[in-house]
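Trainee: Starting off with a structure, shown below.
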Amino acid sequence: TRSTAQQSSRSPAAPAGRVTAERVSSSDRRASALAVVAEVYGAEKGWISDTEAEIPESALTSDGSSWFLARVDGETAGVVRLAYDPALELPAELGLELEGSVDLARLQASGRFVEIGRLMIAPRFRSRTAVVLALMRAALAEVVERGYTHLLTVVFEDDPHSPYHFHTRVLGFERIGTHRRGELASASRRIILTLDIARAYLRMRPARAKLLRHLTSGFEDRILQLSESGVL
């Protein structure tokens with residue numbers, strides 16, 4: 001199950017500074033990323049009991065997943081995970097309920113999916129929108145470079161830090177269903193969202209040009225090429 005921690009009105013003011021994002025590709029970066037996981041998913045939310053298992057050593061060189069780490073002036077601020085080619089079908093015991101018009105087989109055949117999740121921001125940086133944007137930009141760049149066409153994510157219905165409204169109202173994610181149980185220790189219902197990257201890009205281009213530049217500057221042509229070729 002995938003969820004996020006974004007913003008909290010009770011978080012202290014975030015430090016100013018330069019925001020960067022990089023792939024977790026070394027033991028040092030893994031240790032920094034695990035510190036965020038321990039703070040947010042472990043101590044704050046209580047969703048996991050084994051922090052180390054979240055980012056195994058094998059993840060540093062895996063073709064099946066990628067982790068990205070954001071820093072503010074070198075200080076660890078947040079992480080996000082990509083998992084490639086996820087199965088959209090879920091085991092019955094997870095309590096999957098689809099929206100009425102959703103056909104998972106047809107959806108799976110409509111493009112190449114990447115699950116984007118484990119998006120978590122350290123509490124003191126939650127007011128820094130630039131941290132989330134840096135992680136999303138890094139993730140999108142890799143997704144598009146690999147030729148993937150759709151994003152899949154899951155957010156917790158009762159999570160106070162859920163990005164549900166940002167994802168749906170701003171980015172254009174579509175709700176396709178829910179499920180009741182998953183790998184994280186939360187009783188909250190999970191909401192499943194998908195995004196057609198090219199369609200979202202074209203929709204956002206006139207109205208949210210500034211945000212789009214933050215998220216896609218440098219690889220806009222690749223998105224358009226995929227769209228025009230019919231891959232998206």
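Letters for chains follow the order of the structure tokens (A, B, ...), residue numbers begin at 1 for each chain, and ligand numbers begin at 1 in the order shown.
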Counting only C-alpha atoms, what is within 12 Å of A:Arg203, bar same-chain residues fewer than 2 positions away, as JSON, numbers by chain?

Mentor: {"A": [169, 170, 171, 172, 173, 195, 196, 197, 198, 199, 200, 201, 205, 206, 207, 208, 209, 212]}

Trainee: At a cut-off of 7 Å, using only C-alpha atoms, what residues contact A:Gly177? Leave out same-chain residues fewer than 4 positions from it and give the result as a PyMOL selection string.

Mentor: chain A and resi 97-99+191-192

Trainee: Quick one: residues within 6 Å of stretch 45-51 of chain A, only C-alpha atoms, excluding same-chain residues fewer than 6 positions away - as a ChimeraX atom specification?

Mentor: /A:38,184-185

Trainee: Hey, which bits of stretch 163-230 of chain A sit within 12 Å of stretch 74-96 of chain A, and for each residue what's the closest pair of atoms and how far apart in Å (one decimal), counting only C-alpha atoms, rows by chain and increasing number, as CSV?

Mentor:
```
residue,atom,partner,partner_atom,distance
A:Ile176,CA,A:Leu96,CA,10.4
A:Gly177,CA,A:Leu96,CA,7.2
A:Thr178,CA,A:Leu96,CA,5.8
A:His179,CA,A:Leu96,CA,4.2
A:Arg180,CA,A:Gly95,CA,5.1
A:Arg181,CA,A:Leu94,CA,4.7
A:Gly182,CA,A:Leu94,CA,6.3
A:Glu183,CA,A:Leu94,CA,9.5
A:Leu184,CA,A:Leu94,CA,11.8
A:Ala187,CA,A:Leu94,CA,11.7
A:Arg189,CA,A:Gly95,CA,9.5
A:Arg190,CA,A:Leu96,CA,9.3
A:Ile191,CA,A:Leu96,CA,9.9
A:Ile192,CA,A:Leu96,CA,9.6
A:Leu193,CA,A:Leu88,CA,11.0
A:Thr194,CA,A:Leu88,CA,10.4
```

Trainee: Return the single residue from A:Phe113, A:Val72, A:Val155, A:Glu54 that is closest to A:Arg126, with distances computed using only C-alpha atoms.

Mentor: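 The answer is A:Val72, which sits nearest to A:Arg126.
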
Trainee: Which residue gives the smallest distance to A:Phe125 among A:Arg106, A:Arg29, A:His150, A:Arg71, with only C-alpha atoms counted?

Mentor: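 For A:Phe125, the nearest of the candidates is A:Arg71.
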